[in-house]
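What follows is a single structure, written as structure tokens, with notes after it.
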Amino acid sequence: ILTAGDAFTRAISSSLSMEIPQAEQYKITYGLEESQLEGKISKVLRPVFEVIVSEIKKAILFWNENEKEPIKNVILYGGTAGLPQAATLLASLLEIEVQIADPFKSMEMDDKLRSSLLDKSCLLTVAIGLSEKEV
């Protein structure tokens, strides 16, 4: 899906006349949470999110029409996976289970290190996967 986190940031920046760094911080902090800032950030992000949901629905429909086993859940990864309320809203709109990826799940590591990396784990999913394959 070509729409990504930068599209959310640009939407906030242009709609609310903010510089990109401030818009990025608002995106990370408030995301799709309607109860924050009178829902202003959520209202701006919702149309972009709906584009993403529409593309996911198309992919799921294509898969389910062409494969024996239907898709039963979606796993989010990448920076936008941590967007507040993204997983909850996506699960509601898709009507299937949505999880945020945990690339550390099968790794043995110090608990202190794990907790320090937890908020960045979605950003590290591809890198960790490649390292496990020794690429």
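By convention here, the chains of the structure tokens are called A, B, ... in the order presented, each chain's residues are numbered starting at 1, and ligands are numbered starting at 1 in the order presented.
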
Worksheet item: Could you name the residues that touch Lys27 (chain A) at 8 Å or less, counting only C-alpha atoms, but leaving out those on the same chain fewer than 4 positions away, as an MDAnalysis selection string?
Response: chainID A and resid 8:9 12 23 31 41 83

Worksheet item: Which residues come within 12 Å of Thr125 (chain A), counting only C-alpha atoms, excluding same-chain residues fewer than 5 positions away, as a count of residues only?
Response: 18

Worksheet item: Nearest to Ser54 (chain A) among A:Leu90, A:Leu113, A:Leu32, A:Ala127, with distances taken over only C-alpha atoms: which residue is it?
Response: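 Closest to Ser54 (chain A), using only C-alpha atoms: A:Leu90.
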
Item to complete: From a DSSP pass on the backbone, collect the residues of chain A flagged as strand (DSSP E) and hand them back as a VMD selection string.
Response: chain A and resid 73 to 76 97 to 100

Fill in: Neighbour list for Val53 (chain A) as a list in words, cut-off 10 Å, only C-alpha atoms, skip fewer than 4 positions in-chain
Ile1, Pro47, Val48, Phe49, Lys57, Lys58, Ala59, Leu89, Leu90, Ala91, Leu93 and Leu94 of chain A

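Reported to one decimal place, the separation of CA of Asp6 (chain A) from CA of Ile60 (chain A) is 23.9 Å.
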
Fill in: Nearest to Gln99 (chain A), chosen from A:Cys122, A:Leu37, A:Val51, A:Val74, with only C-alpha atoms counted in the distances
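Among the listed residues, A:Val74 lies closest to Gln99 (chain A).
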
Worksheet item: Got a sec to tell me which of region 2-132 of chain A DSSP assigns to helix (DSSP H, G or I), as a ChimeraX atom specification?
Response: /A:5-15,20-30,37-66,79-82,86-94,111-132

Worksheet, complete the sentence: Computed gap from CA of Ala4 (chain A) to CA of Thr80 (chain A) is 7.4 Å

Discussion item. I'd like the neighbourhood of region 68-73 of chain A as a PyMOL selection string, where a residue qualifies if any of its atoms comes within 8 Å (using only C-alpha atoms), though same-chain residues fewer than 3 positions away should be ignored.
Written reply: chain A and resi 60+63-64+96-99
